[in-house]
>>> print(open('my_file.tsv').read())   # TSV, N, CA and C atoms
chain	number	residue	atom	x	y	z
P	1	MET	N	0.84	-1.17	0.00
P	1	MET	CA	0.00	0.00	0.00
P	1	MET	C	0.89	1.24	0.00
P	2	TYR	N	0.55	2.21	-0.82
P	2	TYR	CA	1.28	3.46	-0.92
P	2	TYR	C	0.91	4.38	0.23
P	3	THR	N	1.92	4.99	0.82
P	3	THR	CA	1.67	6.00	1.85
P	3	THR	C	2.36	7.27	1.42
P	4	SER	N	1.70	8.36	1.58
P	4	SER	CA	2.29	9.64	1.22
P	4	SER	C	3.19	10.12	2.34
P	5	SER	N	3.99	11.10	2.02
P	5	SER	CA	4.88	11.65	3.04
P	5	SER	C	4.09	12.31	4.16
P	6	ALA	N	2.88	12.75	3.87
P	6	ALA	CA	2.05	13.37	4.90
P	6	ALA	C	1.58	12.34	5.92
P	7	ASP	N	1.48	11.05	5.49
P	7	ASP	CA	1.05	9.99	6.39
P	7	ASP	C	2.15	9.55	7.35
P	8	LYS	N	3.38	9.81	7.00
P	8	LYS	CA	4.49	9.39	7.85
P	8	LYS	C	4.67	10.35	9.02
P	9	ALA	N	5.12	9.79	10.12
P	9	ALA	CA	5.35	10.63	11.30
P	9	ALA	C	6.56	11.51	11.07
P	10	ALA	N	6.50	12.70	11.58
P	10	ALA	CA	7.63	13.62	11.46
P	10	ALA	C	8.78	13.11	12.31
P	11	PRO	N	10.02	13.28	11.83
P	11	PRO	CA	11.16	12.81	12.62
P	11	PRO	C	11.29	13.59	13.92
P	12	THR	N	11.71	12.91	14.94
P	12	THR	CA	11.93	13.59	16.21
P	12	THR	C	13.18	14.44	16.09
P	13	PRO	N	13.36	15.40	16.94
P	13	PRO	CA	14.55	16.26	16.86
P	13	PRO	C	15.85	15.47	17.00
P	14	HIS	N	15.81	14.31	17.63
P	14	HIS	CA	17.02	13.53	17.83
P	14	HIS	C	17.40	12.69	16.61
P	15	GLU	N	16.45	12.40	15.75
P	15	GLU	CA	16.72	11.58	14.58
P	15	GLU	C	17.50	12.33	13.51
P	16	SER	N	17.15	13.54	13.26
P	16	SER	CA	17.74	14.29	12.17
P	16	SER	C	19.25	14.45	12.30
P	17	PRO	N	19.78	14.90	13.43
P	17	PRO	CA	21.25	15.02	13.53
P	17	PRO	C	21.96	13.67	13.38
P	18	MET	N	21.35	12.61	13.89
P	18	MET	CA	21.95	11.28	13.79
P	18	MET	C	22.00	10.84	12.33
P	19	LYS	N	20.90	11.06	11.62
P	19	LYS	CA	20.87	10.70	10.20
P	19	LYS	C	21.88	11.51	9.41
P	20	ASN	N	21.99	12.79	9.73
P	20	ASN	CA	22.97	13.64	9.06
P	20	ASN	C	24.39	13.16	9.33
P	21	ALA	N	24.67	12.78	10.56
P	21	ALA	CA	26.00	12.30	10.92
P	21	ALA	C	26.32	11.00	10.20
P	22	LEU	N	25.35	10.10	10.12
P	22	LEU	CA	25.55	8.84	9.41
P	22	LEU	C	25.77	9.08	7.92
P	23	ALA	N	24.99	9.96	7.35
P	23	ALA	CA	25.12	10.27	5.92
P	23	ALA	C	26.49	10.90	5.65
P	24	GLU	N	26.91	11.78	6.54
P	24	GLU	CA	28.22	12.43	6.39
P	24	GLU	C	29.35	11.40	6.49
P	25	ARG	N	29.23	10.48	7.44
P	25	ARG	CA	30.26	9.45	7.61
P	25	ARG	C	30.32	8.54	6.39
P	26	ARG	N	29.17	8.17	5.86
P	26	ARG	CA	29.13	7.34	4.65
P	26	ARG	C	29.78	8.05	3.47
P	27	GLU	N	29.53	9.34	3.36
P	27	GLU	CA	30.12	10.13	2.27
P	27	GLU	C	31.64	10.18	2.41
P	28	ILE	N	32.12	10.36	3.62
P	28	ILE	CA	33.57	10.39	3.87
P	28	ILE	C	34.18	9.03	3.53
P	29	GLU	N	33.53	7.96	3.95
P	29	GLU	CA	34.02	6.61	3.65
P	29	GLU	C	34.02	6.35	2.15
P	30	ARG	N	33.00	6.81	1.48
P	30	ARG	CA	32.90	6.65	0.02
P	30	ARG	C	34.04	7.38	-0.66
P	31	ASP	N	34.30	8.64	-0.27
P	31	ASP	CA	35.38	9.42	-0.85
P	31	ASP	C	36.74	8.77	-0.59
P	32	GLU	N	36.94	8.27	0.63
P	32	GLU	CA	38.21	7.62	0.96
P	32	GLU	C	38.41	6.35	0.14
P	33	ARG	N	37.36	5.58	-0.04
P	33	ARG	CA	37.47	4.35	-0.83
P	33	ARG	C	37.75	4.68	-2.29
P	34	MET	N	37.11	5.72	-2.82
P	34	MET	CA	37.36	6.12	-4.21
P	34	MET	C	38.80	6.59	-4.38
P	35	LYS	N	39.32	7.34	-3.41
P	35	LYS	CA	40.72	7.77	-3.46
P	35	LYS	C	41.66	6.58	-3.41
P	36	ARG	N	41.31	5.61	-2.61
P	36	ARG	CA	42.10	4.38	-2.50
P	36	ARG	C	42.13	3.63	-3.84
P	37	ILE	N	41.00	3.57	-4.49
P	37	ILE	CA	40.92	2.91	-5.80
P	37	ILE	C	41.74	3.67	-6.83
P	38	ILE	N	41.63	4.98	-6.84
P	38	ILE	CA	42.39	5.81	-7.79
P	38	ILE	C	43.89	5.63	-7.56
P	39	ALA	N	44.33	5.65	-6.30
P	39	ALA	CA	45.75	5.48	-5.99
P	39	ALA	C	46.24	4.10	-6.44
P	40	ALA	N	45.44	3.08	-6.21
P	40	ALA	CA	45.80	1.73	-6.64
P	40	ALA	C	45.86	1.67	-8.16
P	41	ALA	N	44.91	2.30	-8.82
P	41	ALA	CA	44.88	2.30	-10.29
P	41	ALA	C	46.12	2.99	-10.86
P	42	LYS	N	46.53	4.10	-10.28
P	42	LYS	CA	47.75	4.78	-10.75
P	42	LYS	C	48.93	3.83	-10.71
P	43	LYS	N	49.05	3.12	-9.61
P	43	LYS	CA	50.16	2.19	-9.44
P	43	LYS	C	50.12	1.08	-10.49
P	44	VAL	N	48.95	0.53	-10.72
P	44	VAL	CA	48.81	-0.55	-11.70
P	44	VAL	C	49.05	-0.03	-13.11
P	45	PHE	N	48.51	1.15	-13.44
P	45	PHE	CA	48.75	1.73	-14.77
P	45	PHE	C	50.24	1.95	-15.00
P	46	LEU	N	50.96	2.40	-13.98
P	46	LEU	CA	52.39	2.63	-14.12
P	46	LEU	C	53.16	1.32	-14.31
P	47	GLU	N	52.73	0.27	-13.62
P	47	GLU	CA	53.42	-1.01	-13.72
P	47	GLU	C	53.09	-1.77	-15.00
P	48	LYS	N	51.81	-1.74	-15.40
P	48	LYS	CA	51.37	-2.59	-16.50
P	48	LYS	C	50.95	-1.84	-17.76
P	49	GLY	N	50.85	-0.52	-17.69
P	49	GLY	CA	50.38	0.25	-18.83
P	49	GLY	C	48.87	0.22	-18.94
P	50	TYR	N	48.36	1.04	-19.82
P	50	TYR	CA	46.91	1.15	-19.97
P	50	TYR	C	46.30	-0.17	-20.42
P	51	PHE	N	46.87	-0.79	-21.47
P	51	PHE	CA	46.27	-2.00	-22.02
P	51	PHE	C	46.48	-3.22	-21.15
P	52	GLY	N	47.44	-3.18	-20.24
P	52	GLY	CA	47.68	-4.30	-19.35
P	52	GLY	C	46.92	-4.20	-18.03
P	53	THR	N	46.19	-3.12	-17.86
P	53	THR	CA	45.47	-2.88	-16.61
P	53	THR	C	44.02	-3.30	-16.74
P	54	GLY	N	43.56	-4.03	-15.74
P	54	GLY	CA	42.15	-4.44	-15.69
P	54	GLY	C	41.58	-4.19	-14.31
P	55	VAL	N	40.30	-4.36	-14.19
P	55	VAL	CA	39.62	-4.13	-12.92
P	55	VAL	C	40.16	-5.08	-11.85
P	56	ARG	N	40.43	-6.32	-12.23
P	56	ARG	CA	40.95	-7.29	-11.25
P	56	ARG	C	42.28	-6.83	-10.66
P	57	GLY	N	43.16	-6.32	-11.51
P	57	GLY	CA	44.46	-5.84	-11.03
P	57	GLY	C	44.32	-4.65	-10.10
P	58	ILE	N	43.43	-3.74	-10.45
P	58	ILE	CA	43.18	-2.58	-9.59
P	58	ILE	C	42.58	-3.03	-8.26
P	59	ALA	N	41.62	-3.94	-8.34
P	59	ALA	CA	40.98	-4.45	-7.13
P	59	ALA	C	41.99	-5.13	-6.22
P	60	GLN	N	42.87	-5.92	-6.82
P	60	GLN	CA	43.88	-6.62	-6.03
P	60	GLN	C	44.81	-5.62	-5.34
P	61	GLU	N	45.24	-4.61	-6.07
P	61	GLU	CA	46.13	-3.59	-5.50
P	61	GLU	C	45.43	-2.80	-4.40
P	62	ALA	N	44.14	-2.53	-4.57
P	62	ALA	CA	43.36	-1.77	-3.58
P	62	ALA	C	42.86	-2.66	-2.44
P	63	ARG	N	43.07	-3.96	-2.57
P	63	ARG	CA	42.58	-4.95	-1.60
P	63	ARG	C	41.06	-4.89	-1.46
P	64	LEU	N	40.42	-4.85	-2.64
P	64	LEU	CA	38.96	-4.85	-2.71
P	64	LEU	C	38.54	-5.91	-3.72
P	65	SER	N	37.26	-6.17	-3.78
P	65	SER	CA	36.75	-7.09	-4.79
P	65	SER	C	36.52	-6.31	-6.09
P	66	PRO	N	36.56	-7.00	-7.23
P	66	PRO	CA	36.22	-6.31	-8.49
P	66	PRO	C	34.83	-5.68	-8.44
P	67	GLY	N	33.90	-6.33	-7.76
P	67	GLY	CA	32.55	-5.76	-7.63
P	67	GLY	C	32.56	-4.42	-6.93
P	68	ALA	N	33.46	-4.26	-5.95
P	68	ALA	CA	33.56	-2.98	-5.24
P	68	ALA	C	34.05	-1.89	-6.18
P	69	ILE	N	34.96	-2.25	-7.08
P	69	ILE	CA	35.45	-1.26	-8.06
P	69	ILE	C	34.28	-0.82	-8.95
P	70	TYR	N	33.51	-1.81	-9.42
P	70	TYR	CA	32.37	-1.49	-10.29
P	70	TYR	C	31.27	-0.75	-9.55
P	71	TYR	N	31.21	-0.86	-8.26
P	71	TYR	CA	30.22	-0.11	-7.48
P	71	TYR	C	30.50	1.39	-7.58
P	72	TYR	N	31.79	1.75	-7.61
P	72	TYR	CA	32.17	3.16	-7.64
P	72	TYR	C	32.45	3.69	-9.05
P	73	PHE	N	32.89	2.81	-9.95
P	73	PHE	CA	33.29	3.24	-11.29
P	73	PHE	C	32.73	2.27	-12.33
P	74	SER	N	32.51	2.78	-13.54
P	74	SER	CA	31.97	1.93	-14.60
P	74	SER	C	33.03	0.98	-15.16
P	75	GLY	N	34.29	1.30	-14.94
P	75	GLY	CA	35.36	0.43	-15.43
P	75	GLY	C	36.69	1.15	-15.47
P	76	VAL	N	37.66	0.50	-16.10
P	76	VAL	CA	39.02	1.02	-16.17
P	76	VAL	C	39.07	2.36	-16.90
P	77	ASP	N	38.29	2.50	-17.96
P	77	ASP	CA	38.30	3.74	-18.74
P	77	ASP	C	37.91	4.95	-17.89
P	78	GLU	N	36.88	4.81	-17.09
P	78	GLU	CA	36.45	5.92	-16.24
P	78	GLU	C	37.54	6.28	-15.23
P	79	ILE	N	38.17	5.28	-14.66
P	79	ILE	CA	39.24	5.53	-13.69
P	79	ILE	C	40.40	6.24	-14.37
P	80	TYR	N	40.76	5.80	-15.56
P	80	TYR	CA	41.87	6.42	-16.29
P	80	TYR	C	41.56	7.88	-16.62
P	81	VAL	N	40.33	8.15	-17.02
P	81	VAL	CA	39.93	9.52	-17.34
P	81	VAL	C	40.06	10.40	-16.09
P	82	ILE	N	39.66	9.89	-14.94
P	82	ILE	CA	39.76	10.66	-13.70
P	82	ILE	C	41.21	10.98	-13.39
P	83	ILE	N	42.09	10.00	-13.56
P	83	ILE	CA	43.52	10.22	-13.31
P	83	ILE	C	44.07	11.27	-14.27
P	84	CYS	N	43.69	11.18	-15.55
P	84	CYS	CA	44.15	12.17	-16.54
P	84	CYS	C	43.62	13.57	-16.22
P	85	GLU	N	42.36	13.66	-15.83
P	85	GLU	CA	41.78	14.95	-15.47
P	85	GLU	C	42.51	15.56	-14.28
P	86	GLU	N	42.83	14.72	-13.31
P	86	GLU	CA	43.58	15.17	-12.13
P	86	GLU	C	44.92	15.77	-12.57
P	87	SER	N	45.59	15.10	-13.49
P	87	SER	CA	46.86	15.58	-14.00
P	87	SER	C	46.69	16.91	-14.74
P	88	PHE	N	45.66	17.00	-15.58
P	88	PHE	CA	45.43	18.22	-16.34
P	88	PHE	C	45.14	19.42	-15.44
P	89	VAL	N	44.42	19.19	-14.36
P	89	VAL	CA	44.13	20.27	-13.41
P	89	VAL	C	45.43	20.77	-12.79
P	90	LEU	N	46.30	19.86	-12.41
P	90	LEU	CA	47.58	20.26	-11.81
P	90	LEU	C	48.47	20.98	-12.82
P	91	ILE	N	48.50	20.50	-14.05
P	91	ILE	CA	49.28	21.18	-15.10
P	91	ILE	C	48.73	22.58	-15.33
P	92	ASN	N	47.41	22.70	-15.41
P	92	ASN	CA	46.79	24.00	-15.64
P	92	ASN	C	47.14	24.98	-14.53
P	93	LYS	N	47.13	24.51	-13.28
P	93	LYS	CA	47.50	25.38	-12.16
P	93	LYS	C	48.93	25.87	-12.31
P	94	ALA	N	49.83	24.96	-12.70
P	94	ALA	CA	51.24	25.34	-12.89
P	94	ALA	C	51.38	26.36	-14.01
P	95	LEU	N	50.66	26.17	-15.10
P	95	LEU	CA	50.73	27.11	-16.22
P	95	LEU	C	50.14	28.47	-15.84
P	96	MET	N	49.02	28.47	-15.15
P	96	MET	CA	48.39	29.73	-14.75
P	96	MET	C	49.27	30.51	-13.79
P	97	LYS	N	49.93	29.81	-12.89
P	97	LYS	CA	50.84	30.46	-11.96
P	97	LYS	C	51.97	31.14	-12.72
P	98	GLY	N	52.51	30.44	-13.71
P	98	GLY	CA	53.59	31.01	-14.53
P	98	GLY	C	53.11	32.20	-15.34
P	99	MET	N	51.91	32.12	-15.86
P	99	MET	CA	51.38	33.20	-16.68
P	99	MET	C	51.17	34.47	-15.86
P	100	LYS	N	50.77	34.31	-14.60
P	100	LYS	CA	50.52	35.48	-13.75
P	100	LYS	C	51.81	36.13	-13.25
P	101	SER	N	52.91	35.38	-13.27
P	101	SER	CA	54.12	35.91	-12.66
P	101	SER	C	54.98	36.74	-13.61
P	102	GLY	N	54.79	36.61	-14.92
P	102	GLY	CA	55.60	37.38	-15.86
P	102	GLY	C	54.99	38.74	-16.16
P	103	VAL	N	55.85	39.66	-16.59
P	103	VAL	CA	55.38	41.00	-16.95
P	103	VAL	C	55.15	41.07	-18.46
P	104	THR	N	56.17	40.73	-19.24
P	104	THR	CA	56.03	40.74	-20.70
P	104	THR	C	55.53	39.38	-21.16
P	105	CYS	N	55.13	39.34	-22.42
P	105	CYS	CA	54.65	38.07	-22.99
P	105	CYS	C	55.75	37.01	-22.97
P	106	ILE	N	56.96	37.41	-23.28
P	106	ILE	CA	58.09	36.47	-23.29
P	106	ILE	C	58.33	35.93	-21.87
P	107	GLU	N	58.30	36.80	-20.89
P	107	GLU	CA	58.50	36.37	-19.50
P	107	GLU	C	57.38	35.41	-19.07
P	108	LYS	N	56.16	35.71	-19.47
P	108	LYS	CA	55.04	34.84	-19.12
P	108	LYS	C	55.24	33.45	-19.73
P	109	LEU	N	55.65	33.41	-21.01
P	109	LEU	CA	55.90	32.13	-21.66
P	109	LEU	C	57.03	31.37	-20.99
P	110	GLU	N	58.09	32.10	-20.61
P	110	GLU	CA	59.22	31.46	-19.92
P	110	GLU	C	58.77	30.88	-18.58
P	111	HIS	N	57.98	31.64	-17.85
P	111	HIS	CA	57.50	31.18	-16.54
P	111	HIS	C	56.54	29.98	-16.70
P	112	MET	N	55.72	30.04	-17.75
P	112	MET	CA	54.80	28.93	-18.00
P	112	MET	C	55.58	27.67	-18.36
P	113	ALA	N	56.60	27.81	-19.20
P	113	ALA	CA	57.42	26.65	-19.58
P	113	ALA	C	58.14	26.09	-18.36
P	114	ALA	N	58.65	26.97	-17.51
P	114	ALA	CA	59.33	26.52	-16.28
P	114	ALA	C	58.33	25.82	-15.36
P	115	GLY	N	57.13	26.36	-15.25
P	115	GLY	CA	56.10	25.73	-14.42
P	115	GLY	C	55.72	24.36	-14.94
P	116	PHE	N	55.63	24.24	-16.27
P	116	PHE	CA	55.30	22.96	-16.90
P	116	PHE	C	56.40	21.93	-16.60
P	117	MET	N	57.64	22.33	-16.74
P	117	MET	CA	58.76	21.42	-16.48
P	117	MET	C	58.83	21.05	-14.99
P	118	ASN	N	58.64	22.03	-14.13
P	118	ASN	CA	58.66	21.75	-12.69
P	118	ASN	C	57.55	20.78	-12.30
P	119	TYR	N	56.40	20.93	-12.95
P	119	TYR	CA	55.29	20.02	-12.66
P	119	TYR	C	55.72	18.58	-12.92
P	120	PHE	N	56.31	18.33	-14.07
P	120	PHE	CA	56.70	16.96	-14.41
P	120	PHE	C	57.89	16.48	-13.60
P	121	LEU	N	58.74	17.39	-13.15
P	121	LEU	CA	59.84	16.99	-12.27
P	121	LEU	C	59.30	16.58	-10.90
P	122	LYS	N	58.27	17.25	-10.44
P	122	LYS	CA	57.68	16.93	-9.13
P	122	LYS	C	56.70	15.76	-9.22
P	123	ASN	N	56.15	15.50	-10.40
P	123	ASN	CA	55.14	14.44	-10.59
P	123	ASN	C	55.53	13.54	-11.76
P	124	PRO	N	56.67	12.85	-11.66
P	124	PRO	CA	57.14	12.06	-12.81
P	124	PRO	C	56.20	10.92	-13.19
P	125	GLU	N	55.38	10.46	-12.25
P	125	GLU	CA	54.48	9.35	-12.57
P	125	GLU	C	53.48	9.72	-13.67
P	126	TYR	N	53.15	11.01	-13.78
P	126	TYR	CA	52.18	11.41	-14.78
P	126	TYR	C	52.75	11.37	-16.19
P	127	THR	N	54.06	11.45	-16.34
P	127	THR	CA	54.65	11.35	-17.67
P	127	THR	C	54.51	9.94	-18.23
P	128	ASP	N	54.43	8.95	-17.37
P	128	ASP	CA	54.33	7.57	-17.82
P	128	ASP	C	52.90	7.10	-17.99
P	129	LEU	N	51.95	7.87	-17.53
P	129	LEU	CA	50.55	7.48	-17.69
P	129	LEU	C	50.11	7.94	-19.04
>>> encode(input="my_file.tsv", output="structure tokens")
Amino acid sequence: MYTSSADKAAPTPHESPMKNALAERREIERDERMKRIIAAAKKVFLEKGYFGTGVRGIAQEARLSPGAIYYYFSGVDEIYVIICEESFVLINKALMKGMKSGVTCIEKLEHMAAGFMNYFLKNPEYTDL
């Protein structure tokens, strides 16, 4: 039988904060697990390359089941795109910082090139992905 929201009892003042705390904790756990999967995927991509990487390898590295990986991501391609986007955001920040620091166009280009090189010196794993 269908019941409308008007038929349900209003939550007590004590329920709402508890539900919010549980929802917040679940969100934190979800984010942490996704970060764990991404970190494991980076490692596997670096070791085996794009074509040698599969969900099972990522799951094994993350110490999760393949089903858990699919719960958070549609597959290896989505994970790889996220890793690439993360890299592009960091590169863009380095380039923008260089562009803002120069006075002339030549100085801005020099600073941007230096920022680009420094990015890859500090994050060599992204050159191999």
>>> axis_aligned_box(input="my_file.tsv", around="range 44-56 of chain P", padding_each_side="5 Å", output="lines of an AutoDock Vina configuration file")
center_x = 46.5
center_y = -2.3
center_z = -16.3
size_x = 23.8
size_y = 19.9
size_z = 21.4
>>> closest_residue(input="my_file.tsv", among="P:Met34, P:Ala23, P:Ala114, P:Met18", to="Ile82 in chain P", atoms="only C-alpha atoms")
P:Met34
>>> atom_distance(input="my_file.tsv", atom1="CA of Ile37 in chain P", atom2="CA of Ala62 in chain P")
5.7 Å
>>> select_by_dssp(input="my_file.tsv", residues="chain P", states="helix (DSSP H, G or I)", output="MDAnalysis selection string")
chainID P and resid 15:48 55:62 66:72 76:101 105:122 125:128
>>> atom_distance(input="my_file.tsv", atom1="CA of Tyr119 in chain P", atom2="CA of Thr53 in chain P")
25.2 Å
>>> atom_distance(input="my_file.tsv", atom1="CA of Phe120 in chain P", atom2="CA of Arg56 in chain P")
29.1 Å
>>> residues_near_point(input="my_file.tsv", point="(50.0, -6.1, -7.0)", cutoff="12 Å", atoms="only C-alpha atoms", output="PyMOL selection string")
chain P and resi 40-48+53-54+56-64
>>> residues_near_point(input="my_file.tsv", point="(55.3, 30.9, -11.0)", cutoff="6.5 Å", atoms="only N, CA and C atoms", output="list in words")
Lys97, Gly98, Met99, Ser101, His111 and Gly115 of chain P
>>> closest_residue(input="my_file.tsv", among="P:Lys108, P:Asn123, P:Ile91, P:Ile38", to="Val76 in chain P", atoms="only C-alpha atoms")
P:Ile38
>>> closest_residue(input="my_file.tsv", among="P:Ala94, P:Leu129, P:Leu22, P:Cys105", to="Met117 in chain P", atoms="only N, CA and C atoms")
P:Ala94
